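These notes concern the structure reproduced below.
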Amino acid sequence: MSPEEYVQQKAAASGSSFYYAFLFLPRERRAAITAFYAFCREIDDVVDEVTDPGVAHTKLAWWQAEVLKAYAGTPSHPVMKALMPLAPGYQIEARHLQAVIEGCQMDLAQNRYLDFANLKTYCHLVAGIVGEVAARIFGQTEDATTAYAHKLGLAFQMTNIIRDVGEDALRGRIYLPVNEMQQFDVKAHEILKRQYSDRFSALMKFQTQRALSLYDEALDLLPEADRRSQKPGLMMASIYRTLLREIEADGYQVLHQRVSLTPLRKFWLAWKTQAFGRVV
């Protein structure tokens, strides 16, 4: 298949909420965000699917070299072949791609975070930078939109962390800050064994309320001049914020299952944001 077909298949197969927001973009912007998102999926899959840490490190090192080769004019992977013709027009730089790889390298070296400040460093690399690139592709015109994109990326990543507590526990990872777990008297072994308690529910309520506040803070940072161009991000915010409320309404039952919205509901939320220009 062609590089363009490859990245399209990679993005669609993920089932991600992000994919639904891409559908409303003009063709070239959609091609750019699809290729960039496929790159992020490739890097993320190394950490999630490769069980041997040594092999995973080797694969990520290969991707670091591939990014350098691609920006030097000789991409070999279909993702980079699809992305490179579009990268200059949207100011997608090698440092952006290397930051995403660096964030995933942190996953191989670290499976606990002492506090929220440390967790934010990780989130900046795997989500804030992604938000920055996405904002450029969507059509950013104001410098202040970058701060919005970083804050929204943090909100998305915190939502992922809340949703995926159980799945991450199966891999021996806990992204909830250690000092906050101590604050609510939740022990690491309880999460790793996926044991519910009132203490766990209280901890998750705390995490959810902070994530919801991050969405509000992000939306307050978005300049009015860029509200129309940044609609895809607002669509994702609608989907992810609705997901958080579902998790909350379900009593934070995230240890034994992955709470999700149906594809039809995701599309409906994206369409409503496209039509009315506001986050639900």
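Each chain of the structure tokens is named A, B, ... in the order shown, its residues numbered from 1; ligands are numbered from 1 in display order.
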Problem - Members of region 123-279 of chain A assigned helix (DSSP H, G or I) by DSSP, as a PyMOL selection string - result: chain A and resi 123-138+145-163+165-170+178-183+188-192+198-221+224-226+231-249+263-276
Practice task
Show which residues sit within 8 Å of Glu66 (chain A), as a list of chain:residue names. Count only C-alpha atoms, and ignore same-chain residues fewer than 2 positions away.
Solution key: A:Trp62, A:Trp63, A:Gln64, A:Leu68, A:Lys69, A:Ala70, A:Pro75, A:Ser76, A:His77
Those same residues - all heavy atoms - I'd like them written as a JSON list (two decimals), in the first residue's frame.
```
[["chain", "number", "residue", "atom", "x", "y", "z"],
["A", 62, "TRP", "N", 15.94, 3.31, 16.79],
["A", 62, "TRP", "CA", 15.79, 3.27, 15.33],
["A", 62, "TRP", "C", 14.91, 4.43, 14.87],
["A", 62, "TRP", "O", 15.22, 5.10, 13.87],
["A", 62, "TRP", "CB", 15.17, 1.94, 14.90],
["A", 62, "TRP", "CG", 15.05, 1.83, 13.41],
["A", 62, "TRP", "CD1", 15.97, 1.33, 12.55],
["A", 62, "TRP", "CD2", 13.94, 2.29, 12.60],
["A", 62, "TRP", "NE1", 15.51, 1.44, 11.24],
["A", 62, "TRP", "CE2", 14.28, 2.03, 11.24],
["A", 62, "TRP", "CE3", 12.72, 2.89, 12.89],
["A", 62, "TRP", "CZ2", 13.43, 2.34, 10.19],
["A", 62, "TRP", "CZ3", 11.87, 3.22, 11.84],
["A", 62, "TRP", "CH2", 12.21, 2.94, 10.51],
["A", 63, "TRP", "N", 13.82, 4.68, 15.60],
["A", 63, "TRP", "CA", 12.92, 5.77, 15.22],
["A", 63, "TRP", "C", 13.61, 7.13, 15.36],
["A", 63, "TRP", "O", 13.39, 8.03, 14.52],
["A", 63, "TRP", "CB", 11.65, 5.73, 16.07],
["A", 63, "TRP", "CG", 10.60, 4.84, 15.49],
["A", 63, "TRP", "CD1", 10.23, 3.60, 15.91],
["A", 63, "TRP", "CD2", 9.80, 5.12, 14.33],
["A", 63, "TRP", "NE1", 9.26, 3.08, 15.09],
["A", 63, "TRP", "CE2", 8.97, 3.99, 14.12],
["A", 63, "TRP", "CE3", 9.71, 6.19, 13.45],
["A", 63, "TRP", "CZ2", 8.05, 3.93, 13.06],
["A", 63, "TRP", "CZ3", 8.79, 6.14, 12.40],
["A", 63, "TRP", "CH2", 7.98, 5.02, 12.22],
["A", 64, "GLN", "N", 14.46, 7.29, 16.37],
["A", 64, "GLN", "CA", 15.21, 8.55, 16.49],
["A", 64, "GLN", "C", 16.08, 8.77, 15.26],
["A", 64, "GLN", "O", 16.16, 9.88, 14.72],
["A", 64, "GLN", "CB", 16.07, 8.52, 17.76],
["A", 64, "GLN", "CG", 15.27, 8.68, 19.05],
["A", 64, "GLN", "CD", 16.13, 8.57, 20.28],
["A", 64, "GLN", "OE1", 16.96, 7.67, 20.39],
["A", 64, "GLN", "NE2", 15.94, 9.48, 21.24],
["A", 68, "LEU", "N", 15.85, 11.67, 11.99],
["A", 68, "LEU", "CA", 16.99, 12.44, 11.47],
["A", 68, "LEU", "C", 17.17, 12.21, 9.97],
["A", 68, "LEU", "O", 17.39, 13.15, 9.21],
["A", 68, "LEU", "CB", 18.27, 12.05, 12.23],
["A", 68, "LEU", "CG", 18.32, 12.43, 13.71],
["A", 68, "LEU", "CD1", 19.61, 11.91, 14.34],
["A", 68, "LEU", "CD2", 18.21, 13.93, 13.90],
["A", 69, "LYS", "N", 17.05, 10.95, 9.55],
["A", 69, "LYS", "CA", 17.18, 10.63, 8.12],
["A", 69, "LYS", "C", 16.06, 11.29, 7.31],
["A", 69, "LYS", "O", 16.29, 11.82, 6.22],
["A", 69, "LYS", "CB", 17.12, 9.11, 7.92],
["A", 69, "LYS", "CG", 18.39, 8.37, 8.28],
["A", 69, "LYS", "CD", 18.18, 6.86, 8.26],
["A", 69, "LYS", "CE", 17.54, 6.40, 6.96],
["A", 69, "LYS", "NZ", 17.22, 4.94, 6.96],
["A", 70, "ALA", "N", 14.86, 11.26, 7.87],
["A", 70, "ALA", "CA", 13.72, 11.82, 7.14],
["A", 70, "ALA", "C", 13.89, 13.31, 6.93],
["A", 70, "ALA", "O", 13.63, 13.84, 5.83],
["A", 70, "ALA", "CB", 12.43, 11.53, 7.91],
["A", 75, "PRO", "N", 13.66, 9.52, 4.07],
["A", 75, "PRO", "CA", 12.80, 8.70, 4.94],
["A", 75, "PRO", "C", 12.67, 7.28, 4.38],
["A", 75, "PRO", "O", 12.66, 7.09, 3.16],
["A", 75, "PRO", "CB", 11.45, 9.43, 4.89],
["A", 75, "PRO", "CG", 11.44, 10.12, 3.57],
["A", 75, "PRO", "CD", 12.87, 10.53, 3.31],
["A", 76, "SER", "N", 12.57, 6.29, 5.27],
["A", 76, "SER", "CA", 12.40, 4.91, 4.80],
["A", 76, "SER", "C", 11.08, 4.31, 5.26],
["A", 76, "SER", "O", 10.54, 3.43, 4.59],
["A", 76, "SER", "CB", 13.57, 4.04, 5.29],
["A", 76, "SER", "OG", 13.61, 4.02, 6.72],
["A", 77, "HIS", "N", 10.55, 4.76, 6.37],
["A", 77, "HIS", "CA", 9.29, 4.20, 6.89],
["A", 77, "HIS", "C", 8.10, 4.90, 6.21],
["A", 77, "HIS", "O", 8.14, 6.10, 5.95],
["A", 77, "HIS", "CB", 9.21, 4.40, 8.41],
["A", 77, "HIS", "CG", 8.14, 3.58, 9.08],
["A", 77, "HIS", "ND1", 6.81, 3.94, 9.05],
["A", 77, "HIS", "CD2", 8.20, 2.41, 9.76],
["A", 77, "HIS", "CE1", 6.11, 3.04, 9.72],
["A", 77, "HIS", "NE2", 6.92, 2.10, 10.15]]
```
Fill in the blank from the handout: Pairwise distance, CA of Ala82 (chain A) with CA of Pro3 (chain A), equals 5.2 Å
Problem - Top pick for closest residue to Gln157 (chain A), considering A:Thr145, A:Gln182, A:Thr121, A:Gln98 and counting only C-alpha atoms - result: A:Thr121
Handout entry: Nearest to Leu152 (chain A), chosen from A:Val186, A:Leu97, A:Ala237, A:Met106, with only C-alpha atoms counted in the distances
Key = A:Ala237
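Nearest to Ala127 (chain A) of all the residues A:Gly153, A:Pro85, A:Pro263, A:Gly233 is A:Gly153, based on only C-alpha atoms.
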Practice task
May I have the residues within 9 Å of Arg241 (chain A) as a PyMOL selection string, using only C-alpha atoms and disregarding those fewer than 4 positions away in the same chain?
Solution key: chain A and resi 156+159+211-212+215+236-237+245-246+279-280
Exercise for the section: Just the residues within 7 Å of Leu203 (chain A), please, counting only C-alpha atoms, with nothing from its chain fewer than 3 positions along; format it as a list in words. Expected result: Met181, Phe184, Arg199, Phe200, Phe206 and Gln207 of chain A
Export C-alpha atoms of the chosen residues as a short mmCIF file (atom, residue, chain, number, x, y, z; two decimals), in the first residue's frame?
```
data_model
loop_
_atom_site.label_atom_id
_atom_site.label_comp_id
_atom_site.auth_asym_id
_atom_site.auth_seq_id
_atom_site.Cartn_x
_atom_site.Cartn_y
_atom_site.Cartn_z
CA MET A 181 -1.91 7.95 46.44
CA PHE A 184 -5.77 8.97 49.96
CA ARG A 199 -10.18 5.21 49.21
CA PHE A 200 -9.54 4.39 45.53
CA PHE A 206 -9.75 13.91 42.93
CA GLN A 207 -8.00 13.04 39.65
#
```
Handout entry: Point-to-point distance in Å for CA of Ala35 (chain A) and CA of Gln9 (chain A)
Key = 10.2 Å
Problem - Within 10 Å of region 54-57 of chain A using only C-alpha atoms, minus same-chain residues under 2 positions, as JSON, numbers by chain - result: {"A": [43, 45, 46, 47, 48, 49, 50, 51, 52, 59, 60, 61, 62, 63, 104, 105, 108, 109]}
Can you write out the residues you just picked, keeping N, CA and C atoms, as a PDB file, in the first residue's frame?
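Done, and the output landed in selection-v6.pdb:
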```
ATOM      1  N   ILE A  43       5.094   5.028  17.666  1.00  0.00           N
ATOM      2  CA  ILE A  43       5.992   5.164  18.821  1.00  0.00           C
ATOM      3  C   ILE A  43       5.339   4.575  20.063  1.00  0.00           C
ATOM      4  N   ASP A  45       3.071   2.293  20.249  1.00  0.00           N
ATOM      5  CA  ASP A  45       2.943   0.837  20.131  1.00  0.00           C
ATOM      6  C   ASP A  45       4.227   0.114  20.532  1.00  0.00           C
ATOM      7  N   VAL A  46       5.371   0.761  20.337  1.00  0.00           N
ATOM      8  CA  VAL A  46       6.637   0.146  20.754  1.00  0.00           C
ATOM      9  C   VAL A  46       6.598  -0.145  22.244  1.00  0.00           C
ATOM     10  N   VAL A  47       6.137   0.832  23.022  1.00  0.00           N
ATOM     11  CA  VAL A  47       6.103   0.682  24.478  1.00  0.00           C
ATOM     12  C   VAL A  47       5.007  -0.293  24.908  1.00  0.00           C
ATOM     13  N   ASP A  48       3.859  -0.216  24.259  1.00  0.00           N
ATOM     14  CA  ASP A  48       2.711  -1.021  24.686  1.00  0.00           C
ATOM     15  C   ASP A  48       2.783  -2.478  24.231  1.00  0.00           C
ATOM     16  N   GLU A  49       3.436  -2.734  23.099  1.00  0.00           N
ATOM     17  CA  GLU A  49       3.365  -4.070  22.509  1.00  0.00           C
ATOM     18  C   GLU A  49       4.663  -4.865  22.582  1.00  0.00           C
ATOM     19  N   VAL A  50       5.795  -4.205  22.809  1.00  0.00           N
ATOM     20  CA  VAL A  50       7.074  -4.919  22.887  1.00  0.00           C
ATOM     21  C   VAL A  50       7.364  -5.229  24.356  1.00  0.00           C
ATOM     22  N   THR A  51       7.405  -6.510  24.687  1.00  0.00           N
ATOM     23  CA  THR A  51       7.542  -6.904  26.094  1.00  0.00           C
ATOM     24  C   THR A  51       8.978  -6.843  26.602  1.00  0.00           C
ATOM     25  N   ASP A  52       9.941  -6.984  25.710  1.00  0.00           N
ATOM     26  CA  ASP A  52      11.351  -6.944  26.102  1.00  0.00           C
ATOM     27  C   ASP A  52      11.836  -5.491  26.091  1.00  0.00           C
ATOM     28  N   LYS A  59      14.200  -0.304  19.245  1.00  0.00           N
ATOM     29  CA  LYS A  59      13.216   0.189  18.285  1.00  0.00           C
ATOM     30  C   LYS A  59      13.071   1.707  18.369  1.00  0.00           C
ATOM     31  N   LEU A  60      13.035   2.243  19.594  1.00  0.00           N
ATOM     32  CA  LEU A  60      12.912   3.690  19.738  1.00  0.00           C
ATOM     33  C   LEU A  60      14.170   4.400  19.227  1.00  0.00           C
ATOM     34  N   ALA A  61      15.330   3.789  19.446  1.00  0.00           N
ATOM     35  CA  ALA A  61      16.573   4.361  18.904  1.00  0.00           C
ATOM     36  C   ALA A  61      16.517   4.370  17.374  1.00  0.00           C
ATOM     37  N   TRP A  62      15.943   3.307  16.793  1.00  0.00           N
ATOM     38  CA  TRP A  62      15.790   3.271  15.334  1.00  0.00           C
ATOM     39  C   TRP A  62      14.912   4.428  14.870  1.00  0.00           C
ATOM     40  N   TRP A  63      13.820   4.678  15.599  1.00  0.00           N
ATOM     41  CA  TRP A  63      12.923   5.773  15.222  1.00  0.00           C
ATOM     42  C   TRP A  63      13.614   7.133  15.358  1.00  0.00           C
ATOM     43  N   CYS A 104       8.152   8.458  25.314  1.00  0.00           N
ATOM     44  CA  CYS A 104       7.951   7.009  25.365  1.00  0.00           C
ATOM     45  C   CYS A 104       9.168   6.293  25.940  1.00  0.00           C
ATOM     46  N   GLN A 105      10.347   6.864  25.776  1.00  0.00           N
ATOM     47  CA  GLN A 105      11.528   6.306  26.434  1.00  0.00           C
ATOM     48  C   GLN A 105      11.394   6.400  27.955  1.00  0.00           C
ATOM     49  N   LEU A 108       9.809   3.399  29.437  1.00  0.00           N
ATOM     50  CA  LEU A 108      10.650   2.215  29.598  1.00  0.00           C
ATOM     51  C   LEU A 108      11.527   2.307  30.840  1.00  0.00           C
ATOM     52  N   ALA A 109      11.819   3.533  31.259  1.00  0.00           N
ATOM     53  CA  ALA A 109      12.728   3.726  32.383  1.00  0.00           C
ATOM     54  C   ALA A 109      12.011   4.008  33.699  1.00  0.00           C
TER      55      ALA A 109
END
```
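The smallest atom-to-atom distance between Leu269 (chain A) and any of A:Arg173, A:His150, A:Lys231, A:Arg112, using only C-alpha atoms, is found for A:Lys231.
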Problem - Computed interatomic separation between CA of Leu25 (chain A) and CA of Gln230 (chain A) (Å) - result: 10.3 Å
Problem - region 238-240 of chain A environment, 12 Å, only C-alpha atoms, sequence neighbours closer than 2 positions dropped, as number ranges by chain - result: A: 16-21, 152-163, 208, 211-212, 214-216, 219, 231-236, 242-247, 259-274, 276-280
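Each of A:Arg194, A:His189, A:Lys151, A:Lys10 was checked against Glu132 (chain A) using only C-alpha atoms; the smallest atom-to-atom distance is that of A:Lys151.
Nearest residue to Ser197 (chain A), choosing from A:Gly128, A:Gly251, A:Pro177, A:Gly166 and counting only C-alpha atoms: A:Gly251.
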Practice task
Identify, on the basis of only C-alpha atoms, every residue whose closest approach to Ala38 (chain A) does not exceed 10 Å; exclude the query and any residue fewer than 5 positions from it along the same chain; express the result as a list in words.
Solution key: Tyr6, Val7, Gln8, Gln9, Lys10, Ala11, Ala12, Ser14, Ala32, Ile33, Ile43, Asp44, Pro78, Val79, Met80, Ala82 and Leu83 of chain A
Could those residues be written to a file, using all heavy atoms, as a short mmCIF file (atom, residue, chain, number, x, y, z; two decimals), in the first residue's frame?
```
data_model
loop_
_atom_site.label_atom_id
_atom_site.label_comp_id
_atom_site.auth_asym_id
_atom_site.auth_seq_id
_atom_site.Cartn_x
_atom_site.Cartn_y
_atom_site.Cartn_z
N TYR A 6 -1.20 3.68 4.22
CA TYR A 6 -0.68 3.09 5.47
C TYR A 6 -1.08 3.93 6.67
O TYR A 6 -1.60 3.40 7.66
CB TYR A 6 0.84 2.97 5.39
CG TYR A 6 1.46 2.37 6.64
CD1 TYR A 6 1.68 1.00 6.73
CD2 TYR A 6 1.81 3.17 7.73
CE1 TYR A 6 2.23 0.44 7.88
CE2 TYR A 6 2.36 2.63 8.86
CZ TYR A 6 2.57 1.26 8.94
OH TYR A 6 3.11 0.71 10.08
N VAL A 7 -0.85 5.25 6.60
CA VAL A 7 -1.15 6.09 7.76
C VAL A 7 -2.65 6.19 8.00
O VAL A 7 -3.11 6.27 9.14
CB VAL A 7 -0.52 7.50 7.64
CG1 VAL A 7 1.01 7.39 7.61
CG2 VAL A 7 -1.03 8.26 6.42
N GLN A 8 -3.42 6.19 6.92
CA GLN A 8 -4.88 6.20 7.05
C GLN A 8 -5.35 4.96 7.80
O GLN A 8 -6.17 5.04 8.71
CB GLN A 8 -5.52 6.27 5.67
CG GLN A 8 -7.05 6.21 5.69
CD GLN A 8 -7.68 7.44 6.32
OE1 GLN A 8 -7.12 8.52 6.28
NE2 GLN A 8 -8.84 7.25 6.93
N GLN A 9 -4.81 3.81 7.41
CA GLN A 9 -5.19 2.56 8.07
C GLN A 9 -4.75 2.54 9.52
O GLN A 9 -5.49 2.10 10.41
CB GLN A 9 -4.57 1.39 7.32
CG GLN A 9 -5.04 0.02 7.79
CD GLN A 9 -4.46 -1.09 6.94
OE1 GLN A 9 -3.36 -1.58 7.22
NE2 GLN A 9 -5.17 -1.48 5.89
N LYS A 10 -3.55 3.06 9.79
CA LYS A 10 -3.02 3.10 11.16
C LYS A 10 -3.90 3.97 12.05
O LYS A 10 -4.21 3.61 13.20
CB LYS A 10 -1.59 3.65 11.14
CG LYS A 10 -0.86 3.58 12.47
CD LYS A 10 -0.39 2.18 12.75
CE LYS A 10 0.39 2.10 14.05
NZ LYS A 10 0.82 0.72 14.37
N ALA A 11 -4.31 5.12 11.55
CA ALA A 11 -5.13 6.04 12.32
C ALA A 11 -6.53 5.48 12.55
O ALA A 11 -7.05 5.52 13.68
CB ALA A 11 -5.22 7.39 11.62
N ALA A 12 -7.12 4.93 11.51
CA ALA A 12 -8.48 4.41 11.63
C ALA A 12 -8.55 3.20 12.54
O ALA A 12 -9.50 3.03 13.31
CB ALA A 12 -9.02 4.07 10.25
N SER A 14 -6.91 2.52 15.13
CA SER A 14 -6.73 2.82 16.56
C SER A 14 -8.06 3.00 17.28
O SER A 14 -8.16 2.81 18.48
CB SER A 14 -5.89 4.09 16.73
OG SER A 14 -6.64 5.23 16.38
N ALA A 32 -2.16 15.70 6.88
CA ALA A 32 -1.04 16.01 7.77
C ALA A 32 -1.28 15.48 9.18
O ALA A 32 -0.39 14.85 9.77
CB ALA A 32 -0.82 17.53 7.81
N ILE A 33 -2.47 15.70 9.73
CA ILE A 33 -2.73 15.24 11.09
C ILE A 33 -2.81 13.72 11.14
O ILE A 33 -2.39 13.10 12.13
CB ILE A 33 -4.01 15.89 11.68
CG1 ILE A 33 -4.07 15.70 13.20
CG2 ILE A 33 -5.26 15.35 11.02
CD1 ILE A 33 -3.00 16.41 13.98
N ILE A 43 5.09 5.03 17.67
CA ILE A 43 5.99 5.16 18.82
C ILE A 43 5.34 4.57 20.06
O ILE A 43 5.97 3.84 20.84
CB ILE A 43 6.36 6.65 19.05
CG1 ILE A 43 6.97 7.26 17.78
CG2 ILE A 43 7.31 6.79 20.22
CD1 ILE A 43 8.14 6.50 17.22
N ASP A 44 4.08 4.88 20.27
CA ASP A 44 3.35 4.39 21.44
C ASP A 44 3.26 2.86 21.42
O ASP A 44 3.37 2.20 22.47
CB ASP A 44 1.95 5.00 21.47
CG ASP A 44 1.34 4.99 22.85
OD1 ASP A 44 2.04 5.33 23.81
OD2 ASP A 44 0.16 4.63 22.97
N PRO A 78 7.03 4.16 5.92
CA PRO A 78 5.88 4.78 5.24
C PRO A 78 5.28 5.96 6.00
O PRO A 78 4.80 6.91 5.38
CB PRO A 78 4.87 3.63 5.11
CG PRO A 78 5.42 2.48 5.86
CD PRO A 78 6.88 2.69 6.04
N VAL A 79 5.32 5.93 7.32
CA VAL A 79 4.80 7.06 8.10
C VAL A 79 5.59 8.33 7.80
O VAL A 79 5.02 9.40 7.58
CB VAL A 79 4.83 6.74 9.61
CG1 VAL A 79 4.71 8.03 10.45
CG2 VAL A 79 3.69 5.80 9.98
N MET A 80 6.91 8.20 7.78
CA MET A 80 7.75 9.37 7.53
C MET A 80 7.64 9.81 6.07
O MET A 80 7.71 11.01 5.77
CB MET A 80 9.20 9.07 7.90
CG MET A 80 9.42 8.72 9.37
SD MET A 80 8.70 9.92 10.53
CE MET A 80 9.68 11.38 10.18
N ALA A 82 4.94 9.65 4.33
CA ALA A 82 3.67 10.37 4.24
C ALA A 82 3.75 11.74 4.91
O ALA A 82 3.15 12.71 4.44
CB ALA A 82 2.56 9.55 4.90
N LEU A 83 4.52 11.83 5.99
CA LEU A 83 4.57 13.07 6.77
C LEU A 83 5.50 14.13 6.18
O LEU A 83 5.19 15.33 6.20
CB LEU A 83 5.01 12.75 8.21
CG LEU A 83 5.08 13.91 9.21
CD1 LEU A 83 3.72 14.59 9.36
CD2 LEU A 83 5.58 13.42 10.56
#
```
